[in-house]
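Enquirer: Provided herewith is a single structure, encoded as structure tokens, for subsequent inquiry.
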Amino acid sequence: MREEASETGAPFGRRTFMASAVVAAAASVPAAAPALAAGLPEAAAPGCRSVAHLLAVPESGRGVDWLREALQVAVALELATIPPYLCGWWSVGDRTSHVARLIRRIIGDEMYHMGVVCNLLVAVGGRPRITDAALAYPGPLPGGVREEVNVYLSGLNRPFVRDVMMAIEAPEVPLARGANNSPGIGHFYDGLLRAFRATAPPLSAGGQLSQRIGSDVLEPVTDLDGVERAVEIIKEQGEGTASSPEDAFGDDYPAHYYAFGEIYHGRQLRREDDGWRFTGAPVPFPDARPMARVPAGGWPGPSQRVGDLLDRFDTAYAKVLGTLEAAWAHGDARTLGSAVRTMRALEGPAVELMETGIPGGRGTYGPQFRPPGA
């Protein structure tokens, strides 16, 4: 458990940041480049409406079918964060560094979040379509949330931390989001939780999975209290909370947005008289393999060796997606464990690609995370 102290000796925790932290942090972080302005299409989970359309449905019309559709979008959203975060983590040379450990913990959180929404979808009689949910990079987040964000794959560098990592996790406070009015992830989860409360559907434990993922334990959700706890954890691990510093919850790691902010600013978040600011202990930016930004459509004209590595990686990635889908289709924890082991094996070809220079000295290659059929 991490517990940092301010100069006054007051500790802070993952879910204890005041709203002023959001405003102060956002004021010093330039806005990400809009995805739509770059000519990218709105990404929607296959067979699902966008989040804006889902949230436009009157609350009286948000029944079990609505929940299933919205939860499939949530599966796609949580899955979309994992490949870029993995690229950032794999690119770091020293895995024992503070930054590498921060990113690794966040990856574990995102895997846990995806497991939670898969369990919730199964609980209301649905089946996660994980292969269909996989995002082609670069592109906007699924469901049209945060349409200003263009999610791309790259090695770890400050623009990537700002424009992808922090932009995905940015809190709902308007000053932190800018002028764009597209739905945010937290707003979407608020709508999901309200629908669960209003509908109060029966929740079946059959087919839900149990597994330790990172620092969390995935467990079946069988009542509304469990739904509320799960959704709040997803929101607060990612964005943080606007509650007072006295309302600590769980561990004392910073929420994802603030952890990425520490990496970007090179300082830990510290409470000062006028709010929370990145003025604490230094957070050295690590040496990272210079994986270039993966272009739309993938790497053009790779050599035979690079092409073989890319195919090897994408074949294994397709296996991960299919195995995850099978795990929830059959309620089989052993299959889930197999998917996790296959995911770990992705690191080998990914790092080999990151250590292979692109002709012309434009950095190195990296994995494309090309979804099946792309």
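Following the order of the structure tokens, chains are lettered A, B, ..., residues in each are numbered from 1, and ligands are numbered from 1.
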Counting only C-alpha atoms, what is within 9 Å of A:Trp66, bar same-chain residues fewer than 6 positions away, as a list of chain:residue names?
Expert: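 Once the adjacent positions are removed, what remains is A:Leu54, A:Val57, A:Ala195.
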Enquirer: Might you pull out every residue within 12 Å of A:Arg341, with only C-alpha atoms counted and same-chain residues fewer than 2 positions away left off, and present them as a PyMOL selection string?
Expert: chain A and resi 316-317+319-320+323-324+334-339+343-347
Enquirer: Grab the residues selected above and save them as a compact mmCIF listing (two decimals), in the first residue's frame with N, CA, C and O atoms.
Expert:
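Output file selection-v2.txt is given in full below:
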# COMPACT_ATOMS: atom_id res chain seq x y z
N ALA A 316 -1.73 -14.72 -31.54
CA ALA A 316 -1.86 -14.95 -30.10
C ALA A 316 -2.92 -14.03 -29.50
O ALA A 316 -3.69 -14.44 -28.61
N TYR A 317 -2.98 -12.79 -29.98
CA TYR A 317 -3.99 -11.84 -29.48
C TYR A 317 -5.39 -12.34 -29.81
O TYR A 317 -6.30 -12.29 -28.96
N LYS A 319 -6.23 -15.38 -30.11
CA LYS A 319 -6.48 -16.50 -29.20
C LYS A 319 -6.90 -16.00 -27.82
O LYS A 319 -7.80 -16.57 -27.19
N VAL A 320 -6.27 -14.92 -27.35
CA VAL A 320 -6.65 -14.33 -26.06
C VAL A 320 -8.12 -13.93 -26.09
O VAL A 320 -8.90 -14.26 -25.18
N THR A 323 -10.44 -16.99 -26.27
CA THR A 323 -10.44 -17.77 -25.02
C THR A 323 -11.19 -17.04 -23.92
O THR A 323 -11.92 -17.67 -23.13
N LEU A 324 -11.03 -15.72 -23.85
CA LEU A 324 -11.82 -14.94 -22.88
C LEU A 324 -13.31 -15.10 -23.14
O LEU A 324 -14.11 -15.30 -22.21
N ARG A 334 -11.02 -22.14 -15.54
CA ARG A 334 -9.76 -22.66 -16.10
C ARG A 334 -9.48 -22.05 -17.46
O ARG A 334 -8.33 -21.75 -17.80
N THR A 335 -10.53 -21.85 -18.24
CA THR A 335 -10.35 -21.21 -19.55
C THR A 335 -9.92 -19.77 -19.38
O THR A 335 -9.08 -19.26 -20.15
N LEU A 336 -10.45 -19.09 -18.38
CA LEU A 336 -10.01 -17.72 -18.09
C LEU A 336 -8.54 -17.71 -17.74
O LEU A 336 -7.78 -16.84 -18.21
N GLY A 337 -8.10 -18.66 -16.93
CA GLY A 337 -6.68 -18.75 -16.59
C GLY A 337 -5.82 -18.98 -17.81
O GLY A 337 -4.72 -18.42 -17.93
N SER A 338 -6.31 -19.79 -18.75
CA SER A 338 -5.57 -20.02 -19.99
C SER A 338 -5.44 -18.73 -20.80
O SER A 338 -4.38 -18.45 -21.38
N ALA A 339 -6.49 -17.93 -20.83
CA ALA A 339 -6.44 -16.65 -21.55
C ALA A 339 -5.41 -15.72 -20.92
O ALA A 339 -4.66 -15.02 -21.64
N MET A 343 -2.09 -14.18 -22.70
CA MET A 343 -1.85 -12.74 -22.73
C MET A 343 -0.44 -12.41 -22.26
O MET A 343 0.24 -11.56 -22.84
N ARG A 344 0.03 -13.11 -21.23
CA ARG A 344 1.40 -12.87 -20.76
C ARG A 344 2.42 -13.20 -21.85
O ARG A 344 3.46 -12.55 -21.95
N ALA A 345 2.11 -14.21 -22.65
CA ALA A 345 3.03 -14.62 -23.71
C ALA A 345 3.12 -13.60 -24.84
O ALA A 345 4.02 -13.70 -25.69
N LEU A 346 2.22 -12.63 -24.87
CA LEU A 346 2.28 -11.58 -25.90
C LEU A 346 3.51 -10.70 -25.74
O LEU A 346 3.98 -10.08 -26.70
N GLU A 347 4.05 -10.65 -24.54
CA GLU A 347 5.15 -9.73 -24.27
C GLU A 347 6.40 -10.06 -25.10
O GLU A 347 7.09 -9.14 -25.55
Enquirer: If you run DSSP over the backbone, which residues in stretch 64-304 of chain A end up alpha helix (DSSP H)? Put them as a PyMOL selection string.
Expert: chain A and resi 64-91+98-123+130-133+158-160+167-169+174-177+185-199+224-239+256-265+304
Enquirer: Produce a file of the selected residues containing C-alpha atoms, as an mmCIF file, in the first residue's frame.
Expert:
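Output saved as again-v6.cif:
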data_model
loop_
_atom_site.group_PDB
_atom_site.id
_atom_site.type_symbol
_atom_site.label_atom_id
_atom_site.label_comp_id
_atom_site.auth_asym_id
_atom_site.auth_seq_id
_atom_site.Cartn_x
_atom_site.Cartn_y
_atom_site.Cartn_z
ATOM 1 C CA VAL A 64 -32.946 -5.757 -19.044
ATOM 2 C CA ASP A 65 -32.400 -5.537 -22.813
ATOM 3 C CA TRP A 66 -31.041 -2.014 -22.357
ATOM 4 C CA LEU A 67 -28.731 -3.249 -19.599
ATOM 5 C CA ARG A 68 -27.385 -6.030 -21.799
ATOM 6 C CA GLU A 69 -26.681 -3.627 -24.646
ATOM 7 C CA ALA A 70 -25.042 -1.066 -22.366
ATOM 8 C CA LEU A 71 -22.909 -3.692 -20.647
ATOM 9 C CA GLN A 72 -21.628 -4.930 -24.006
ATOM 10 C CA VAL A 73 -20.495 -1.356 -24.695
ATOM 11 C CA ALA A 74 -18.809 -1.397 -21.261
ATOM 12 C CA VAL A 75 -16.970 -4.599 -22.237
ATOM 13 C CA ALA A 76 -15.673 -2.855 -25.368
ATOM 14 C CA LEU A 77 -14.653 0.248 -23.398
ATOM 15 C CA GLU A 78 -12.691 -1.662 -20.777
ATOM 16 C CA LEU A 79 -11.008 -3.835 -23.401
ATOM 17 C CA ALA A 80 -10.007 -0.755 -25.428
ATOM 18 C CA THR A 81 -7.763 0.558 -22.632
ATOM 19 C CA ILE A 82 -5.639 -2.571 -22.222
ATOM 20 C CA PRO A 83 -3.576 -2.630 -25.487
ATOM 21 C CA PRO A 84 -2.313 0.986 -25.239
ATOM 22 C CA TYR A 85 -1.449 0.555 -21.572
ATOM 23 C CA LEU A 86 0.360 -2.708 -22.327
ATOM 24 C CA CYS A 87 2.395 -0.988 -25.054
ATOM 25 C CA GLY A 88 3.418 1.725 -22.620
ATOM 26 C CA TRP A 89 4.387 -0.822 -19.965
ATOM 27 C CA TRP A 90 6.238 -3.186 -22.307
ATOM 28 C CA SER A 91 8.298 -0.308 -23.664
ATOM 29 C CA HIS A 98 8.157 3.401 -10.003
ATOM 30 C CA VAL A 99 6.533 4.275 -13.338
ATOM 31 C CA ALA A 100 6.574 0.673 -14.593
ATOM 32 C CA ARG A 101 4.939 -0.503 -11.370
ATOM 33 C CA LEU A 102 2.275 2.209 -11.601
ATOM 34 C CA ILE A 103 1.351 1.212 -15.149
ATOM 35 C CA ARG A 104 1.408 -2.507 -14.335
ATOM 36 C CA ARG A 105 -1.026 -1.972 -11.461
ATOM 37 C CA ILE A 106 -3.357 0.018 -13.707
ATOM 38 C CA ILE A 107 -3.327 -2.750 -16.326
ATOM 39 C CA GLY A 108 -4.382 -5.186 -13.608
ATOM 40 C CA ASP A 109 -7.194 -2.816 -12.608
ATOM 41 C CA GLU A 110 -8.443 -2.571 -16.201
ATOM 42 C CA MET A 111 -8.438 -6.345 -16.581
ATOM 43 C CA TYR A 112 -10.434 -6.536 -13.368
ATOM 44 C CA HIS A 113 -12.902 -3.910 -14.644
ATOM 45 C CA MET A 114 -13.428 -5.915 -17.811
ATOM 46 C CA GLY A 115 -14.030 -9.029 -15.734
ATOM 47 C CA VAL A 116 -16.590 -7.175 -13.620
ATOM 48 C CA VAL A 117 -18.641 -5.948 -16.582
ATOM 49 C CA CYS A 118 -18.475 -9.416 -18.166
ATOM 50 C CA ASN A 119 -19.819 -10.898 -14.927
ATOM 51 C CA LEU A 120 -22.577 -8.268 -14.801
ATOM 52 C CA LEU A 121 -23.548 -9.021 -18.392
ATOM 53 C CA VAL A 122 -23.756 -12.741 -17.640
ATOM 54 C CA ALA A 123 -25.730 -11.973 -14.469
ATOM 55 C CA ILE A 130 -15.213 -10.017 -26.681
ATOM 56 C CA THR A 131 -13.727 -10.688 -30.110
ATOM 57 C CA ASP A 132 -16.281 -8.390 -31.744
ATOM 58 C CA ALA A 133 -15.530 -5.745 -29.118
ATOM 59 C CA ARG A 158 4.934 12.248 -22.442
ATOM 60 C CA PRO A 159 2.581 13.052 -25.364
ATOM 61 C CA PHE A 160 1.264 9.460 -25.218
ATOM 62 C CA ALA A 167 -7.385 11.540 -21.753
ATOM 63 C CA ILE A 168 -9.106 8.154 -21.386
ATOM 64 C CA GLU A 169 -9.246 8.404 -17.597
ATOM 65 C CA PRO A 174 -16.032 20.041 -17.047
ATOM 66 C CA LEU A 175 -12.795 21.994 -16.598
ATOM 67 C CA ALA A 176 -10.903 18.713 -16.839
ATOM 68 C CA ARG A 177 -12.720 17.676 -20.001
ATOM 69 C CA ILE A 185 -17.083 7.066 -19.097
ATOM 70 C CA GLY A 186 -18.115 8.014 -15.582
ATOM 71 C CA HIS A 187 -21.393 9.504 -16.832
ATOM 72 C CA PHE A 188 -22.059 6.271 -18.725
ATOM 73 C CA TYR A 189 -21.482 4.140 -15.620
ATOM 74 C CA ASP A 190 -23.756 6.429 -13.606
ATOM 75 C CA GLY A 191 -26.507 5.721 -16.140
ATOM 76 C CA LEU A 192 -25.864 1.985 -15.905
ATOM 77 C CA LEU A 193 -26.118 2.041 -12.136
ATOM 78 C CA ARG A 194 -29.367 4.009 -12.217
ATOM 79 C CA ALA A 195 -30.818 1.451 -14.634
ATOM 80 C CA PHE A 196 -29.848 -1.414 -12.331
ATOM 81 C CA ARG A 197 -31.498 0.348 -9.396
ATOM 82 C CA ALA A 198 -34.682 1.103 -11.337
ATOM 83 C CA THR A 199 -34.996 -2.292 -13.016
ATOM 84 C CA LEU A 224 -27.787 -4.718 -6.123
ATOM 85 C CA ASP A 225 -25.325 -3.866 -3.349
ATOM 86 C CA GLY A 226 -22.705 -5.847 -5.240
ATOM 87 C CA VAL A 227 -23.535 -4.010 -8.456
ATOM 88 C CA GLU A 228 -23.141 -0.654 -6.720
ATOM 89 C CA ARG A 229 -19.795 -1.635 -5.183
ATOM 90 C CA ALA A 230 -18.494 -2.923 -8.522
ATOM 91 C CA VAL A 231 -19.492 0.188 -10.485
ATOM 92 C CA GLU A 232 -18.105 2.566 -7.873
ATOM 93 C CA ILE A 233 -14.776 0.731 -7.846
ATOM 94 C CA ILE A 234 -14.540 0.936 -11.639
ATOM 95 C CA LYS A 235 -15.255 4.671 -11.588
ATOM 96 C CA GLU A 236 -13.037 5.572 -8.675
ATOM 97 C CA GLN A 237 -10.049 3.453 -9.640
ATOM 98 C CA GLY A 238 -10.015 5.202 -12.985
ATOM 99 C CA GLU A 239 -11.082 8.791 -12.447
ATOM 100 C CA HIS A 256 -5.477 6.103 -12.787
ATOM 101 C CA TYR A 257 -5.874 9.684 -14.002
ATOM 102 C CA TYR A 258 -3.672 10.990 -11.188
ATOM 103 C CA ALA A 259 -1.130 8.166 -11.502
ATOM 104 C CA PHE A 260 -0.720 8.998 -15.180
ATOM 105 C CA GLY A 261 -0.586 12.686 -14.200
ATOM 106 C CA GLU A 262 2.325 11.932 -11.888
ATOM 107 C CA ILE A 263 4.150 10.271 -14.784
ATOM 108 C CA TYR A 264 3.399 13.183 -17.130
ATOM 109 C CA HIS A 265 4.344 15.952 -14.701
ATOM 110 C CA GLN A 304 9.741 -10.768 -43.618
#
Enquirer: Might you pull out every residue within 9 Å of stretch 308-314 of chain A, with only C-alpha atoms counted and same-chain residues fewer than 5 positions away left off, and present them as a list of chain:residue names?
Expert: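 Once the nearby chain positions are removed, what remains is A:Ser303, A:Lys319, A:Leu346, A:Glu347, A:Gly348, A:Pro349, A:Ala350, A:Glu352, A:Leu353, A:Gly366, A:Pro367, A:Gln368, A:Phe369, A:Arg370, A:Pro371, A:Pro372.
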Enquirer: Ranking A:His330, A:Ala318, A:Glu355, A:Ala374 by minimum distance to A:Thr342 and counting only C-alpha atoms, which one comes first?
Expert: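 Among the listed residues, the smallest separation from A:Thr342 belongs to A:Ala318.
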Enquirer: Might you pull out every residue within 7 Å of A:Pro220, with only C-alpha atoms counted and same-chain residues fewer than 2 positions away left off, and present them as a PyMOL selection string?
Expert: chain A and resi 119+205+208-210+222
Enquirer: Go ahead and write the selection's residues with all heavy atoms as a short mmCIF file (atom, residue, chain, number, x, y, z; two decimals), in the first residue's frame.
Expert:
data_model
loop_
_atom_site.label_atom_id
_atom_site.label_comp_id
_atom_site.auth_asym_id
_atom_site.auth_seq_id
_atom_site.Cartn_x
_atom_site.Cartn_y
_atom_site.Cartn_z
N ASN A 119 -18.99 -10.22 -15.92
CA ASN A 119 -19.82 -10.90 -14.93
C ASN A 119 -21.21 -10.28 -14.84
O ASN A 119 -22.22 -10.98 -14.74
CB ASN A 119 -19.14 -10.85 -13.56
CG ASN A 119 -18.27 -12.07 -13.28
OD1 ASN A 119 -18.19 -12.99 -14.08
ND2 ASN A 119 -17.61 -12.07 -12.13
N ALA A 205 -25.86 -16.09 -10.59
CA ALA A 205 -24.43 -16.37 -10.40
C ALA A 205 -23.92 -17.37 -11.41
O ALA A 205 -22.70 -17.47 -11.64
CB ALA A 205 -24.19 -16.88 -8.99
N GLN A 208 -20.95 -16.73 -14.08
CA GLN A 208 -20.01 -15.71 -13.64
C GLN A 208 -18.72 -16.39 -13.17
O GLN A 208 -18.73 -17.54 -12.73
CB GLN A 208 -20.60 -14.86 -12.52
CG GLN A 208 -21.79 -14.02 -12.93
CD GLN A 208 -22.14 -12.99 -11.87
OE1 GLN A 208 -21.31 -12.16 -11.50
NE2 GLN A 208 -23.38 -13.02 -11.39
N LEU A 209 -17.61 -15.65 -13.23
CA LEU A 209 -16.31 -16.24 -12.94
C LEU A 209 -15.68 -15.61 -11.70
O LEU A 209 -15.94 -14.45 -11.38
CB LEU A 209 -15.37 -16.07 -14.13
CG LEU A 209 -15.81 -16.76 -15.43
CD1 LEU A 209 -14.82 -16.47 -16.55
CD2 LEU A 209 -15.96 -18.26 -15.21
N SER A 210 -14.85 -16.39 -11.04
CA SER A 210 -14.05 -15.92 -9.90
C SER A 210 -12.58 -16.08 -10.25
O SER A 210 -12.17 -17.12 -10.78
CB SER A 210 -14.37 -16.73 -8.64
OG SER A 210 -15.73 -16.61 -8.28
N THR A 222 -24.28 -10.84 -7.15
CA THR A 222 -25.59 -11.48 -7.02
C THR A 222 -26.68 -10.59 -6.43
O THR A 222 -27.81 -11.02 -6.29
CB THR A 222 -25.47 -12.74 -6.13
OG1 THR A 222 -24.92 -12.37 -4.85
CG2 THR A 222 -24.56 -13.78 -6.78
#
Enquirer: Rounded to one decimal place, report the atom CA of A:Arg127-atom CA of A:Gly206 distance in Å.
Expert: 11.8 Å
Enquirer: At a cut-off of 12 Å, can you tabulate as CSV every residue of stretch 116-213 of chain A near stretch 286-291 of chain A together with its closest atom pair and the distance in Å to one decimal, using only C-alpha atoms and ordering rows by chain then number?
Expert:
residue,atom,partner,partner_atom,distance
A:Tyr152,CA,A:Met291,CA,11.8
A:Leu153,CA,A:Met291,CA,8.7
A:Ser154,CA,A:Met291,CA,5.6
A:Gly155,CA,A:Met291,CA,4.5
A:Leu156,CA,A:Ala288,CA,6.2
A:Asn157,CA,A:Ala288,CA,7.8
A:Arg158,CA,A:Pro286,CA,10.6
A:Phe160,CA,A:Met291,CA,11.1
Enquirer: Go through A:Arg62, A:Arg129, A:Arg212, A:His53 and flag the residue nearest A:Ala333, using only C-alpha atoms for the distances.
Expert: A:Arg212
Enquirer: Atom CA of A:Trp328 and atom CA of A:Pro183, how far apart in Å?
Expert: 28.3 Å
